[in-house]
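Report on the structure given below.
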Amino acid sequence: MLIGAVGHGCYSVVAGSTHLVIDPLFTPTFLGGTVEPYPRRTVRLDRLPPVDAVFLSHSHAGHLEPESLAALPRTVPVLAPPDPTIRFVLQRMAFTGHTEVRPGSAMDIPGGRLSFVGSGTGQGYAGIKVQDGDGSLLYLGDRGDLDPDPALRAAADGVDVAIVSHPSDYHSFLQHSTWDGGAHDGDTHRDWLARSLALAARLGAGLTVPGTTGNRYLEPAAWLNRYVFPMRPAEFVDLLAQVAPDLPGTTLDPGDAVDVTSGKATVLRDVLPFVRRVPHADDRGLDPTDPPGALVDADPEGVGAEVLTARCRTYLHTSLVPWATAGKGSYAGELRTYASLRTAYRVTLHLPGGALHTFRLRFTGADIDVTEPPAPPPLGHGEVHLRIAASVLDRWTRDVIPYFVAAAGCRRAGAPHAVGRLSDGSVSVRRVPVRDLVTMHLTAHIDPYHRWLAGEVDRHHR
């Protein structure tokens with residue numbers, strides 16, 4: 001068995017006589033050029049061995065990539081967990097061999113066997129175990145909350161190589177921005193790190209590799225790198241050695257591979273003929289003391305400040321407010337929190353030319369009062385605040401850009417407080433973390449993301 005690292009979560013696995021590609025990512029960038037796999041690399045598709053099957057672990061960007069899938073024959077078998085987004089992309093791209101797999105299922109391949117694993121926490125994610133006559137691989141991708149229940153531990157029993165999640169990013173930072181590196185993000189990262197180390201230790205593989213370890217934002221979003229990427233893969237390997245000294249671990253950069261022969265794993269550096277690393281300085285690593293880049297609206301469509309303000313006003317009044325007032329759907333609990341605490345929510349538009357325009361939404365119980373103060377009052381204690389480039393909000397609401405691209409043009413902060421008097425007469429004040437209202441609204445349904453994906457598919461699938 002040969003396990004090759006292509007970049008981010010993409011791996012090339014030769015098991016028996018079968019070449020399996022996991023989470024194909026062949027392009028220099030993804031998410032519309034906003035993010036690149038890191039370390040940088042080039043992929044020579046003309047040197048890529050014929051692909052016998054593809055496994056998609058889930059539908060997130062960097063794993064389900066239409067531009068990379070477009071490089072493959074539409075007849076190649078694609079194995080993936082049940083997921084409407086994966087189904088949507090593969091159908092639109094006319095892949096004819098899509099098979100939905102579930103944890104606990106398995107299938108034979110020429111010279112080996114594939115088994116699918118997971119924690120049973122949802123339909124949209126699966127890991128994969130690959131076996132042949134020489135050894136076995138367990139790939140868990142970037143799922144950091146998989147519980148090593150008896151079924152998962154049984155699947156991993158005696159596995160030679162495990163590619164596991166490690167807490168490489170503060171995803172929560174994108175929705176709970178606190179510019180001092182606040183406790184909410186810190187707790188999230190700490191808990192993820194504890195789960196990942198515990199999972200790796202319990203799996204006890206012959207060789208453990210931190211997976212989906214490499215990506216970085218490009219300009220103008222590069223300022224995010226020092227907030228969103230707190231831990232390098234080598235740091236995770238070092239920590240794993242502290243909690244499980246007898247458990248071998250290593251990192252794999254693009255072009256590296258692991259050869260498994262008779263159950264023995266040997267790491268080979270820079271050997272894949274179709275992948276070459278490109279040297280580049282790494283600007284990631286948590287540094288919340290360095291302020292974010294200036295929020296400037298470049299107005300890429302040339303719309304102008306007046307029209308952008310009008311479009312954003314229409315969105316707030318006719319779309320966001322009715323949705324938030326109804327208080328239904330996947331974010332119903334957080335919307336009830338906004339309402340019950342009578343939260344003040346502020347949206348500050350950064351317009352082309354540098355002007356600002358403020359909308360203030362005050363939850364009054366059953367209703368939301370919207371004002372546009374020409375001279376906004378200072379931010380109140382516990383007020384939730386979104387600063388956003390007007391053209392970013394406009395394009396996001398029109399499905400021109402997705403959530404991860406919009407993140408670079410946003411600054412989010414604040415949380416309401418629950419205040420009350422207890423039966424003994426003492427007073428309780430509790431900070432209540434809630435997600436940003438606009439972000440919740442624009443990620444509440446998969447349809448907007450599907451519309452953006454449809455554009456990506458149509459651009460690359462001809």
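By convention here, the chains of the structure tokens are called A, B, ... in the order presented, each chain's residues are numbered starting at 1, and ligands are numbered starting at 1 in the order presented.
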9 Å contact set for Asp253 (chain A), only C-alpha atoms, chain neighbours under 5 positions out, as a list of chain:residue names:
A:Ala5, A:Val6, A:Gly7, A:His8, A:Tyr38, A:Pro39, A:Thr213, A:Gly214, A:Arg269, A:Asp270, A:Arg277
Export of prior selection with C-alpha atoms as a JSON list (two decimals), in the first residue's frame:
[["chain", "number", "residue", "atom", "x", "y", "z"],
["A", 5, "ALA", "CA", -0.19, 13.32, 0.48],
["A", 6, "VAL", "CA", -1.44, 15.63, -2.28],
["A", 7, "GLY", "CA", -2.36, 18.63, -0.13],
["A", 8, "HIS", "CA", -4.88, 19.66, 2.54],
["A", 38, "TYR", "CA", -0.45, 24.88, 2.32],
["A", 39, "PRO", "CA", 2.40, 24.08, 1.93],
["A", 213, "THR", "CA", -3.54, 20.14, 7.85],
["A", 214, "GLY", "CA", -2.75, 22.71, 5.24],
["A", 269, "ARG", "CA", 9.76, 12.29, 1.54],
["A", 270, "ASP", "CA", 9.03, 14.13, -1.71],
["A", 277, "ARG", "CA", 6.09, 21.54, -3.20]]
*asked:* Just want the 12 Å neighbourhood of Thr439 (chain A), counted on only C-alpha atoms, with same-chain residues fewer than 2 positions away dropped. Output as a ChimeraX atom specification.
replied: /A:172,174-177,320,324,331,347,385-388,393,396-397,402-404,406-407,410-412,434-437,441-445
Counting only C-alpha atoms, the residue among A:Ala415, A:Leu56, A:Ile3, A:Ala390 that lies closest to Val258 (chain A) is A:Ile3
Counting only C-alpha atoms, closest pick from A:Arg41, A:Arg346, A:Arg216, A:Arg431 relative to Leu379 (chain A) is A:Arg346
What residues in region 3-186 of chain A get the DSSP label alpha helix (DSSP H)? Please answer as a short mmCIF file (atom, residue, chain, number, x, y, z; two decimals) with N, CA, C and O atoms, in the first residue's frame.
data_model
loop_
_atom_site.label_atom_id
_atom_site.label_comp_id
_atom_site.auth_asym_id
_atom_site.auth_seq_id
_atom_site.Cartn_x
_atom_site.Cartn_y
_atom_site.Cartn_z
N PRO A 66 -15.61 21.23 -7.15
CA PRO A 66 -16.01 20.99 -8.55
C PRO A 66 -14.87 21.12 -9.54
O PRO A 66 -14.77 20.33 -10.49
N GLU A 67 -13.98 22.11 -9.35
CA GLU A 67 -12.90 22.30 -10.33
C GLU A 67 -11.96 21.10 -10.35
O GLU A 67 -11.47 20.70 -11.41
N SER A 68 -11.69 20.51 -9.20
CA SER A 68 -10.84 19.32 -9.16
C SER A 68 -11.57 18.10 -9.68
O SER A 68 -11.01 17.28 -10.41
N LEU A 69 -12.85 17.96 -9.32
CA LEU A 69 -13.63 16.84 -9.85
C LEU A 69 -13.73 16.90 -11.37
O LEU A 69 -13.80 15.86 -12.04
N PRO A 84 -26.99 16.08 0.67
CA PRO A 84 -27.65 16.74 -0.47
C PRO A 84 -26.70 17.60 -1.29
O PRO A 84 -26.90 17.75 -2.50
N THR A 85 -25.68 18.17 -0.67
CA THR A 85 -24.74 19.01 -1.42
C THR A 85 -23.86 18.17 -2.32
O THR A 85 -23.63 18.50 -3.50
N ILE A 86 -23.35 17.05 -1.81
CA ILE A 86 -22.57 16.14 -2.65
C ILE A 86 -23.42 15.63 -3.79
O ILE A 86 -23.00 15.59 -4.96
N ARG A 87 -24.63 15.24 -3.48
CA ARG A 87 -25.55 14.72 -4.51
C ARG A 87 -25.79 15.77 -5.58
O ARG A 87 -25.78 15.48 -6.79
N PHE A 88 -25.99 17.00 -5.14
CA PHE A 88 -26.27 18.10 -6.07
C PHE A 88 -25.11 18.30 -7.04
O PHE A 88 -25.30 18.40 -8.26
N VAL A 89 -23.88 18.35 -6.52
CA VAL A 89 -22.72 18.60 -7.37
C VAL A 89 -22.48 17.45 -8.34
O VAL A 89 -22.26 17.66 -9.54
N LEU A 90 -22.53 16.22 -7.84
CA LEU A 90 -22.25 15.08 -8.71
C LEU A 90 -23.30 14.93 -9.80
O LEU A 90 -22.99 14.59 -10.95
N GLN A 91 -24.55 15.19 -9.48
CA GLN A 91 -25.59 15.12 -10.51
C GLN A 91 -25.42 16.22 -11.54
O GLN A 91 -25.55 15.99 -12.74
N ARG A 92 -25.10 17.42 -11.08
CA ARG A 92 -24.93 18.53 -12.02
C ARG A 92 -23.73 18.31 -12.93
O ARG A 92 -23.72 18.76 -14.08
N PRO A 150 -17.24 1.81 20.37
CA PRO A 150 -16.75 0.45 20.10
C PRO A 150 -16.65 0.13 18.61
O PRO A 150 -15.69 -0.54 18.19
N ALA A 151 -17.60 0.60 17.79
CA ALA A 151 -17.54 0.29 16.36
C ALA A 151 -16.32 0.93 15.70
O ALA A 151 -15.64 0.31 14.88
N LEU A 152 -16.03 2.18 16.07
CA LEU A 152 -14.88 2.86 15.48
C LEU A 152 -13.58 2.24 15.98
O LEU A 152 -12.64 2.04 15.21
N ARG A 153 -13.51 1.91 17.25
CA ARG A 153 -12.30 1.28 17.77
C ARG A 153 -12.07 -0.08 17.13
O ARG A 153 -10.94 -0.47 16.86
N ALA A 154 -13.16 -0.82 16.87
CA ALA A 154 -13.03 -2.12 16.22
C ALA A 154 -12.49 -1.96 14.81
O ALA A 154 -11.64 -2.73 14.36
N ALA A 155 -12.99 -0.92 14.10
CA ALA A 155 -12.52 -0.69 12.73
C ALA A 155 -11.04 -0.33 12.73
O ALA A 155 -10.31 -0.64 11.78
N ALA A 156 -10.58 0.35 13.78
CA ALA A 156 -9.19 0.80 13.84
C ALA A 156 -8.25 -0.23 14.46
O ALA A 156 -7.04 -0.01 14.48
N ALA A 183 -12.22 33.95 25.15
CA ALA A 183 -12.35 32.63 25.78
C ALA A 183 -13.18 31.67 24.95
O ALA A 183 -12.94 30.47 24.97
N HIS A 184 -14.17 32.19 24.23
CA HIS A 184 -15.03 31.25 23.49
C HIS A 184 -14.21 30.47 22.47
O HIS A 184 -14.29 29.26 22.38
N ASP A 185 -13.40 31.18 21.68
CA ASP A 185 -12.57 30.50 20.71
C ASP A 185 -11.52 29.63 21.40
O ASP A 185 -11.22 28.53 20.95
N GLY A 186 -10.95 30.12 22.48
CA GLY A 186 -9.95 29.34 23.19
C GLY A 186 -10.52 28.04 23.73
O GLY A 186 -9.90 26.98 23.61
#
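The environment of Val405 (chain A) within 12 Å, counting only C-alpha atoms and disregarding residues fewer than 3 places along the same chain, consists of Phe30, Leu31, Gly32, Gly33, Thr34, Val35, Ala61, Leu174, Tyr217, Leu218, Glu219, Pro220, Ala221, Ala222, Leu224, Val392, Leu393, Arg395, Trp396, Asp399, Val400, Ile401, Pro402, Ala408, Gly409, Cys410, Tyr449 and Trp452 of chain A.
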query = Got a sec: who's within 12 Å of Gly354 (chain A), counting only C-alpha atoms, leaving out chain neighbours fewer than 2 positions off, as a list of chain:residue names?
reply = A:Ala294, A:Leu295, A:Val296, A:Asp297, A:Ala298, A:Asp299, A:Gly304, A:Ala305, A:Thr348, A:Leu349, A:His350, A:Leu351, A:Pro352, A:Leu356, A:His357, A:Ala389, A:Ala390
Open item on the list: Residues within 6 Å of region 10-17 of chain A, please, as a list in words. Count only C-alpha atoms; anything in the same chain fewer than 6 positions from it doesn't count.
Closed with: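 So the residues in contact are Met1, Leu2, Ile3, Gly4, Asp23, Pro24, Leu25, Pro110, Gly111, Gly112 and Asp132 of chain A.
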Discussion item. From a backbone DSSP assignment, name each residue in region 343-457 of chain A labelled strand (DSSP E or B), as a ChimeraX atom specification.
Written reply: /A:344-350,356-363,368-371,384-389,410-413,417-421,427-431
Quick one: pull the distance between CA of Leu240 (chain A) and CA of Asp160 (chain A), Å, one decimal.
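Distance between the two atoms: 16.7 Å.
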